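Source file: structure.cif. Holds: mmCIF, C-alpha atoms and all ligand atoms.
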data_structure
loop_
_atom_site.group_PDB
_atom_site.id
_atom_site.type_symbol
_atom_site.label_atom_id
_atom_site.label_comp_id
_atom_site.auth_asym_id
_atom_site.auth_seq_id
_atom_site.Cartn_x
_atom_site.Cartn_y
_atom_site.Cartn_z
ATOM 1 C CA MET A 883 21.240 212.385 -3.595
ATOM 2 C CA PRO A 884 21.644 210.955 -0.101
ATOM 3 C CA GLY A 885 21.429 207.260 0.827
ATOM 4 C CA ASN A 886 22.327 203.869 -0.552
ATOM 5 C CA PHE A 887 21.378 202.272 -3.877
ATOM 6 C CA PHE A 888 21.206 198.467 -4.003
ATOM 7 C CA LEU A 889 21.067 196.688 -7.361
ATOM 8 C CA VAL A 890 19.352 193.307 -7.685
ATOM 9 C CA GLY A 891 18.694 191.065 -10.689
ATOM 10 C CA LEU A 892 19.796 187.886 -12.414
ATOM 11 C CA MET A 893 23.279 186.990 -13.616
ATOM 12 C CA GLY A 894 24.064 189.213 -16.597
ATOM 13 C CA ALA A 895 21.484 191.874 -15.696
ATOM 14 C CA GLY A 896 24.328 194.386 -15.446
ATOM 15 C CA LYS A 897 24.410 194.972 -11.668
ATOM 16 C CA THR A 898 28.198 195.209 -11.533
ATOM 17 C CA THR A 899 28.576 197.215 -14.745
ATOM 18 C CA VAL A 900 25.699 199.651 -14.188
ATOM 19 C CA GLY A 901 26.430 199.818 -10.442
ATOM 20 C CA ARG A 902 29.957 201.026 -11.104
ATOM 21 C CA ALA A 903 28.732 203.685 -13.537
ATOM 22 C CA LEU A 904 26.009 204.812 -11.109
ATOM 23 C CA ALA A 905 28.534 205.104 -8.277
ATOM 24 C CA ARG A 906 30.843 207.191 -10.471
ATOM 25 C CA ALA A 907 27.966 209.472 -11.492
ATOM 26 C CA THR A 908 26.671 209.989 -7.937
ATOM 27 C CA GLY A 909 30.031 210.133 -6.138
ATOM 28 C CA LYS A 910 29.055 207.155 -3.976
ATOM 29 C CA THR A 911 31.388 204.289 -3.087
ATOM 30 C CA PHE A 912 30.881 201.134 -5.138
ATOM 31 C CA TYR A 913 30.697 197.666 -3.564
ATOM 32 C CA ASP A 914 29.902 194.312 -5.109
ATOM 33 C CA SER A 915 28.929 191.493 -2.742
ATOM 34 C CA ASP A 916 30.521 188.861 -5.030
ATOM 35 C CA HIS A 917 33.813 190.776 -5.182
ATOM 36 C CA GLU A 918 33.714 191.337 -1.424
ATOM 37 C CA ILE A 919 33.326 187.584 -0.800
ATOM 38 C CA GLU A 920 36.208 186.862 -3.199
ATOM 39 C CA ALA A 921 38.408 189.466 -1.523
ATOM 40 C CA ARG A 922 37.680 188.079 1.957
ATOM 41 C CA THR A 923 38.245 184.422 1.053
ATOM 42 C CA GLY A 924 41.062 185.011 -1.436
ATOM 43 C CA VAL A 925 39.480 182.639 -3.965
ATOM 44 C CA ARG A 926 37.036 182.926 -6.879
ATOM 45 C CA ILE A 927 33.349 182.066 -6.475
ATOM 46 C CA PRO A 928 33.514 178.729 -8.363
ATOM 47 C CA THR A 929 36.089 177.536 -5.816
ATOM 48 C CA ILE A 930 33.807 178.480 -2.904
ATOM 49 C CA PHE A 931 30.990 176.495 -4.525
ATOM 50 C CA GLU A 932 33.352 173.514 -5.017
ATOM 51 C CA VAL A 933 34.670 173.522 -1.456
ATOM 52 C CA GLU A 934 31.669 174.692 0.604
ATOM 53 C CA GLY A 935 28.757 174.087 -1.750
ATOM 54 C CA GLU A 936 26.076 176.661 -2.540
ATOM 55 C CA THR A 937 25.027 176.620 1.152
ATOM 56 C CA GLY A 938 28.473 177.773 2.247
ATOM 57 C CA PHE A 939 28.495 180.508 -0.376
ATOM 58 C CA ARG A 940 25.028 181.728 0.689
ATOM 59 C CA ALA A 941 26.129 181.992 4.334
ATOM 60 C CA ARG A 942 29.075 184.163 3.295
ATOM 61 C CA GLU A 943 26.812 186.244 1.066
ATOM 62 C CA CYS A 944 24.356 186.803 3.931
ATOM 63 C CA ALA A 945 27.122 188.008 6.265
ATOM 64 C CA VAL A 946 28.503 190.404 3.642
ATOM 65 C CA ILE A 947 25.068 191.838 2.810
ATOM 66 C CA ALA A 948 24.212 192.313 6.493
ATOM 67 C CA GLU A 949 27.393 194.353 6.857
ATOM 68 C CA LEU A 950 27.368 196.351 3.608
ATOM 69 C CA SER A 951 23.660 197.219 3.786
ATOM 70 C CA THR A 952 24.275 199.258 6.957
ATOM 71 C CA MET A 953 26.972 201.441 5.386
ATOM 72 C CA SER A 954 26.310 204.992 4.171
ATOM 73 C CA ASP A 955 26.335 206.473 0.699
ATOM 74 C CA ILE A 956 27.186 203.372 -1.268
ATOM 75 C CA VAL A 957 26.064 201.655 -4.458
ATOM 76 C CA LEU A 958 25.949 197.892 -3.892
ATOM 77 C CA ALA A 959 25.746 195.333 -6.683
ATOM 78 C CA THR A 960 24.325 192.208 -5.025
ATOM 79 C CA GLY A 961 24.861 188.634 -6.182
ATOM 80 C CA GLY A 962 22.090 187.296 -8.420
ATOM 81 C CA GLY A 963 20.806 184.915 -5.730
ATOM 82 C CA ALA A 964 20.957 187.295 -2.767
ATOM 83 C CA VAL A 965 17.177 187.839 -2.759
ATOM 84 C CA LEU A 966 16.526 184.140 -2.076
ATOM 85 C CA ASN A 967 17.228 184.741 1.610
ATOM 86 C CA PRO A 968 14.478 186.666 3.474
ATOM 87 C CA ASP A 969 17.080 188.164 5.846
ATOM 88 C CA ASN A 970 18.901 189.637 2.846
ATOM 89 C CA ARG A 971 15.660 191.001 1.421
ATOM 90 C CA ALA A 972 14.839 192.662 4.756
ATOM 91 C CA ALA A 973 18.370 194.084 5.108
ATOM 92 C CA LEU A 974 18.249 195.549 1.591
ATOM 93 C CA ARG A 975 14.803 197.098 2.123
ATOM 94 C CA ARG A 976 15.913 198.576 5.432
ATOM 95 C CA GLY A 977 19.211 199.958 4.238
ATOM 96 C CA GLY A 978 18.477 201.785 1.018
ATOM 97 C CA LEU A 979 16.653 202.114 -2.266
ATOM 98 C CA VAL A 980 16.487 198.825 -4.186
ATOM 99 C CA ILE A 981 16.726 198.811 -7.980
ATOM 100 C CA TYR A 982 15.804 195.710 -9.997
ATOM 101 C CA LEU A 983 17.678 195.522 -13.305
ATOM 102 C CA ARG A 984 15.456 193.330 -15.460
ATOM 103 C CA ALA A 985 16.462 191.647 -18.708
ATOM 104 C CA SER A 986 15.044 188.981 -21.012
ATOM 105 C CA VAL A 987 16.389 185.443 -20.731
ATOM 106 C CA ASP A 988 17.827 185.827 -24.267
ATOM 107 C CA ASP A 989 19.791 188.920 -23.237
ATOM 108 C CA LEU A 990 20.929 187.349 -19.966
ATOM 109 C CA TYR A 991 22.164 184.333 -21.893
ATOM 110 C CA MET A 992 24.046 186.448 -24.450
ATOM 111 C CA ARG A 993 25.710 188.476 -21.707
ATOM 112 C CA THR A 994 26.841 185.465 -19.642
ATOM 113 C CA ALA A 995 27.599 182.845 -22.317
ATOM 114 C CA HIS A 996 31.333 183.652 -22.571
ATOM 115 C CA ASP A 997 31.966 183.672 -18.811
ATOM 116 C CA LYS A 998 32.899 180.580 -16.778
ATOM 117 C CA ASN A 999 32.777 182.336 -13.398
ATOM 118 C CA ARG A 1000 29.110 181.575 -12.651
ATOM 119 C CA PRO A 1001 28.850 178.051 -11.215
ATOM 120 C CA LEU A 1002 25.051 177.871 -11.534
ATOM 121 C CA LEU A 1003 25.376 178.263 -15.318
ATOM 122 C CA GLN A 1004 27.936 175.484 -15.814
ATOM 123 C CA THR A 1005 25.260 173.080 -17.064
ATOM 124 C CA ALA A 1006 24.472 171.394 -20.385
ATOM 125 C CA ASN A 1007 21.759 173.974 -21.048
ATOM 126 C CA PRO A 1008 22.572 177.323 -19.401
ATOM 127 C CA LYS A 1009 19.771 179.138 -21.201
ATOM 128 C CA GLN A 1010 17.212 176.718 -19.760
ATOM 129 C CA ARG A 1011 18.770 177.221 -16.325
ATOM 130 C CA LEU A 1012 18.482 181.005 -16.684
ATOM 131 C CA ALA A 1013 14.818 180.599 -17.653
ATOM 132 C CA GLU A 1014 14.195 178.494 -14.519
ATOM 133 C CA LEU A 1015 15.991 180.992 -12.295
ATOM 134 C CA PHE A 1016 14.016 183.834 -13.880
ATOM 135 C CA GLU A 1017 10.747 182.058 -13.087
ATOM 136 C CA VAL A 1018 11.619 181.636 -9.411
ATOM 137 C CA ARG A 1019 13.394 184.928 -8.812
ATOM 138 C CA ASP A 1020 11.534 187.546 -10.847
ATOM 139 C CA PRO A 1021 8.760 187.754 -8.184
ATOM 140 C CA LEU A 1022 11.380 188.096 -5.422
ATOM 141 C CA TYR A 1023 13.249 190.882 -7.217
ATOM 142 C CA ARG A 1024 9.912 192.647 -7.735
ATOM 143 C CA GLU A 1025 8.959 192.163 -4.085
ATOM 144 C CA VAL A 1026 12.099 193.847 -2.825
ATOM 145 C CA ALA A 1027 12.445 196.585 -5.484
ATOM 146 C CA ASP A 1028 11.531 200.266 -5.213
ATOM 147 C CA LEU A 1029 12.319 200.691 -8.906
ATOM 148 C CA VAL A 1030 12.247 198.208 -11.819
ATOM 149 C CA VAL A 1031 14.353 199.056 -14.873
ATOM 150 C CA ASP A 1032 14.163 197.154 -18.150
ATOM 151 C CA THR A 1033 17.726 196.801 -19.457
ATOM 152 C CA SER A 1034 16.987 195.020 -22.729
ATOM 153 C CA ARG A 1035 18.343 196.763 -25.828
ATOM 154 C CA GLN A 1036 19.743 199.606 -23.725
ATOM 155 C CA THR A 1037 23.362 200.621 -23.428
ATOM 156 C CA VAL A 1038 24.989 200.862 -20.007
ATOM 157 C CA GLN A 1039 25.467 204.603 -20.577
ATOM 158 C CA HIS A 1040 21.803 205.155 -21.429
ATOM 159 C CA LEU A 1041 20.659 203.010 -18.496
ATOM 160 C CA THR A 1042 22.793 204.975 -16.062
ATOM 161 C CA HIS A 1043 21.433 208.269 -17.374
ATOM 162 C CA GLN A 1044 17.837 206.988 -17.155
ATOM 163 C CA LEU A 1045 18.395 205.668 -13.646
ATOM 164 C CA LEU A 1046 19.836 208.983 -12.464
ATOM 165 C CA GLN A 1047 16.765 210.805 -13.777
ATOM 166 C CA GLN A 1048 14.369 208.401 -12.059
ATOM 167 C CA LEU A 1049 16.285 208.550 -8.789
ATOM 168 C CA GLU A 1050 16.294 212.349 -8.853
ATOM 169 C CA GLN A 1051 12.529 212.366 -9.483
ATOM 170 C CA LYS A 1052 12.021 210.007 -6.549
ATOM 171 C CA ALA A 1053 14.203 212.148 -4.272
ATOM 172 C CA TYR A 1054 12.261 215.269 -5.354
ATOM 173 C CA ALA A 1055 8.867 213.595 -4.734
ATOM 174 C CA HIS A 1056 10.112 212.465 -1.313
ATOM 175 C CA ARG A 1057 11.170 216.038 -0.410
ATOM 176 C CA GLN A 1058 7.718 217.367 -1.440
ATOM 177 C CA ALA A 1059 5.817 214.745 0.600
HETATM 178 N N1 LIG A 1101 22.710 196.955 -20.803
HETATM 179 C C1 LIG A 1101 23.676 196.159 -21.258
HETATM 180 N N2 LIG A 1101 23.813 195.959 -22.584
HETATM 181 C C2 LIG A 1101 24.772 195.138 -23.066
HETATM 182 N N3 LIG A 1101 25.670 194.460 -22.303
HETATM 183 C C3 LIG A 1101 25.577 194.624 -20.990
HETATM 184 C C4 LIG A 1101 24.578 195.453 -20.380
HETATM 185 N N4 LIG A 1101 24.718 195.378 -19.043
HETATM 186 C C5 LIG A 1101 25.755 194.545 -18.808
HETATM 187 N N5 LIG A 1101 26.276 194.100 -19.976
HETATM 188 C C6 LIG A 1101 27.396 193.152 -20.133
HETATM 189 O O1 LIG A 1101 26.931 191.882 -19.656
HETATM 190 C C7 LIG A 1101 27.946 191.206 -18.925
HETATM 191 C C8 LIG A 1101 27.443 190.885 -17.530
HETATM 192 O O2 LIG A 1101 27.240 192.105 -16.809
HETATM 193 P P1 LIG A 1101 27.490 192.194 -15.241
HETATM 194 O O3 LIG A 1101 28.691 191.396 -14.870
HETATM 195 O O4 LIG A 1101 27.474 193.643 -14.881
HETATM 196 O O5 LIG A 1101 26.193 191.452 -14.700
HETATM 197 P P2 LIG A 1101 25.800 191.141 -13.197
HETATM 198 O O6 LIG A 1101 24.366 191.499 -13.077
HETATM 199 O O7 LIG A 1101 26.735 191.810 -12.269
HETATM 200 O O8 LIG A 1101 25.951 189.540 -13.104
HETATM 201 P P3 LIG A 1101 26.318 188.587 -11.806
HETATM 202 O O9 LIG A 1101 25.049 188.458 -10.988
HETATM 203 O O10 LIG A 1101 26.693 187.278 -12.376
HETATM 204 O O11 LIG A 1101 27.416 189.251 -11.049
HETATM 205 C C9 LIG A 1101 29.184 192.122 -18.939
HETATM 206 O O12 LIG A 1101 30.049 191.707 -19.985
HETATM 207 C C10 LIG A 1101 28.597 193.508 -19.256
HETATM 208 O O13 LIG A 1101 29.511 194.317 -19.953
HETATM 209 O O1 LIG A 1102 22.454 183.984 -9.384
HETATM 210 C C1 LIG A 1102 23.170 183.432 -8.512
HETATM 211 O O2 LIG A 1102 22.712 182.610 -7.696
HETATM 212 C C2 LIG A 1102 24.594 183.816 -8.434
HETATM 213 C C3 LIG A 1102 24.995 184.976 -9.068
HETATM 214 C C4 LIG A 1102 26.353 185.525 -8.978
HETATM 215 O O3 LIG A 1102 26.269 186.927 -8.811
HETATM 216 C C5 LIG A 1102 27.128 184.904 -7.799
HETATM 217 O O4 LIG A 1102 26.677 185.416 -6.575
HETATM 218 C C6 LIG A 1102 26.998 183.397 -7.798
HETATM 219 O O5 LIG A 1102 27.554 182.924 -8.995
HETATM 220 C C7 LIG A 1102 25.524 182.962 -7.669
HETATM 221 MG MG MG A 1103 28.025 191.115 -10.774
#
Kindly transcribe the structure held in the file into structure tokens.
Ligand SMILES: Nc1ncnc2c1ncn2[C@@H]1O[C@H](COP(=O)(O)OP(=O)(O)OP(=O)(O)O)[C@@H](O)[C@H]1O
Ligand SMILES: O=C(O)C1=C[C@@H](O)[C@@H](O)[C@H](O)C1
Ligand SMILES: [Mg+2]
Amino acid sequence: MPGNFFLVGLMGAGKTTVGRALARATGKTFYDSDHEIEARTGVRIPTIFEVEGETGFRARECAVIAELSTMSDIVLATGGGAVLNPDNRAALRRGGLVIYLRASVDDLYMRTAHDKNRPLLQTANPKQRLAELFEVRDPLYREVADLVVDTSRQTVQHLTHQLLQQLEQKAYAHRQA
């Protein structure tokens, strides 16, 4: 299958995990905008938030997405907040097929509860925060997505298999059109 696949969704949706598996299965190169920012700055994301604030992090994220979205034959796991910026949404829509990995707030909470590397969830009530983020962002993920995949109660292996089938169907329909 030619082209780029861009994964969007909230923290814990599985963008990094499923993205890696999808890249392996399709032979595409895997990128993760969060990892790219960490590699370029040499520090972890919480440190960027501490030193430059969320605004500084978002500027770095925008630059990385502008660059990666013009590459060829990649799978890109985007940061959970990338869709907040209209320039990022336009770049993703322009550069490839966008897949929204959707999960319930309960599942997102379970998958992120053990991890201290997400500054926006370092609050007294991270589940409430996830619910608020879901409210604001779900419409944006839907706006930008070509494909919406429900990840609740599904293994990474099953999700990858299902995604591959749907992507092949889409590619086939496109060839027939
Ligand atoms: N479908 C799934 N079922 C169960 N656990 C999952 C599933 N998808 C991901 N996970 C687990 O949830 C955790 C978070 O996944 P991952 O880091 O891939 O999310 P993410 O969408 O990249 O989040 P972020 O936006 O914060 O980078 C990981 O421990 C991963 O193994
Ligand atoms: O949802 C968000 O806004 C974020 C998600 C992570 O992927 C990181 O990009 C960062 O922690 C911010
Ligand atoms: Mg990730």
Original post:
List as a VMD selection string: which residues have an atom within 12 Å of (29.0, 208.4, -8.5), counting all atoms listed in the file?
Top reply: chain A and resid 883 to 884 886 to 887 900 to 913 955 to 958 1042 to 1043 1046
Original post:
How far is it from atom CA of Arg940 of chain A to atom CA of Ala964 of chain A, in Å with one decimal?
Top reply: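 Rounded to one decimal, the two atoms are 7.7 Å apart.
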Original post:
If you count only C-alpha atoms and all ligand atoms, which residues end up within 10 Å of ligand LIG 1102 (chain A), as a PyMOL selection string?
Top reply: chain A and resi 890-895+897-898+914-917+919+926-928+930-931+936+939-940+943+959-966+998-1003+1012+1015-1016+1019
Output the selection as an mmCIF file, in the coordinates of the input - C-alpha atoms for each residue.
data_model
loop_
_atom_site.group_PDB
_atom_site.id
_atom_site.type_symbol
_atom_site.label_atom_id
_atom_site.label_comp_id
_atom_site.auth_asym_id
_atom_site.auth_seq_id
_atom_site.Cartn_x
_atom_site.Cartn_y
_atom_site.Cartn_z
ATOM 1 C CA VAL A 890 19.352 193.307 -7.685
ATOM 2 C CA GLY A 891 18.694 191.065 -10.689
ATOM 3 C CA LEU A 892 19.796 187.886 -12.414
ATOM 4 C CA MET A 893 23.279 186.990 -13.616
ATOM 5 C CA GLY A 894 24.064 189.213 -16.597
ATOM 6 C CA ALA A 895 21.484 191.874 -15.696
ATOM 7 C CA LYS A 897 24.410 194.972 -11.668
ATOM 8 C CA THR A 898 28.198 195.209 -11.533
ATOM 9 C CA ASP A 914 29.902 194.312 -5.109
ATOM 10 C CA SER A 915 28.929 191.493 -2.742
ATOM 11 C CA ASP A 916 30.521 188.861 -5.030
ATOM 12 C CA HIS A 917 33.813 190.776 -5.182
ATOM 13 C CA ILE A 919 33.326 187.584 -0.800
ATOM 14 C CA ARG A 926 37.036 182.926 -6.879
ATOM 15 C CA ILE A 927 33.349 182.066 -6.475
ATOM 16 C CA PRO A 928 33.514 178.729 -8.363
ATOM 17 C CA ILE A 930 33.807 178.480 -2.904
ATOM 18 C CA PHE A 931 30.990 176.495 -4.525
ATOM 19 C CA GLU A 936 26.076 176.661 -2.540
ATOM 20 C CA PHE A 939 28.495 180.508 -0.376
ATOM 21 C CA ARG A 940 25.028 181.728 0.689
ATOM 22 C CA GLU A 943 26.812 186.244 1.066
ATOM 23 C CA ALA A 959 25.746 195.333 -6.683
ATOM 24 C CA THR A 960 24.325 192.208 -5.025
ATOM 25 C CA GLY A 961 24.861 188.634 -6.182
ATOM 26 C CA GLY A 962 22.090 187.296 -8.420
ATOM 27 C CA GLY A 963 20.806 184.915 -5.730
ATOM 28 C CA ALA A 964 20.957 187.295 -2.767
ATOM 29 C CA VAL A 965 17.177 187.839 -2.759
ATOM 30 C CA LEU A 966 16.526 184.140 -2.076
ATOM 31 C CA LYS A 998 32.899 180.580 -16.778
ATOM 32 C CA ASN A 999 32.777 182.336 -13.398
ATOM 33 C CA ARG A 1000 29.110 181.575 -12.651
ATOM 34 C CA PRO A 1001 28.850 178.051 -11.215
ATOM 35 C CA LEU A 1002 25.051 177.871 -11.534
ATOM 36 C CA LEU A 1003 25.376 178.263 -15.318
ATOM 37 C CA LEU A 1012 18.482 181.005 -16.684
ATOM 38 C CA LEU A 1015 15.991 180.992 -12.295
ATOM 39 C CA PHE A 1016 14.016 183.834 -13.880
ATOM 40 C CA ARG A 1019 13.394 184.928 -8.812
#
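For Met992 of chain A, the residues within 10 Å (counting all atoms listed in the file, excluding itself and residues fewer than 4 positions away along the chain) are Gly894, Ser986, Val987, Asp988, His996 and Lys1009 of chain A.
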Subject >> Selected residue, from A:Val1026, A:Ala941, A:Ala973, A:Leu983, that lies nearest to ligand LIG 1101 (chain A) when counting all atoms listed in the file >> reply: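 Counting all atoms listed in the file, the residue closest to ligand LIG 1101 (chain A) is A:Leu983.
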Original post:
How far is it from atom CA of Leu979 of chain A to atom O5 of ligand LIG 1101 (chain A), in Å with one decimal?
Top reply: 19.0 Å
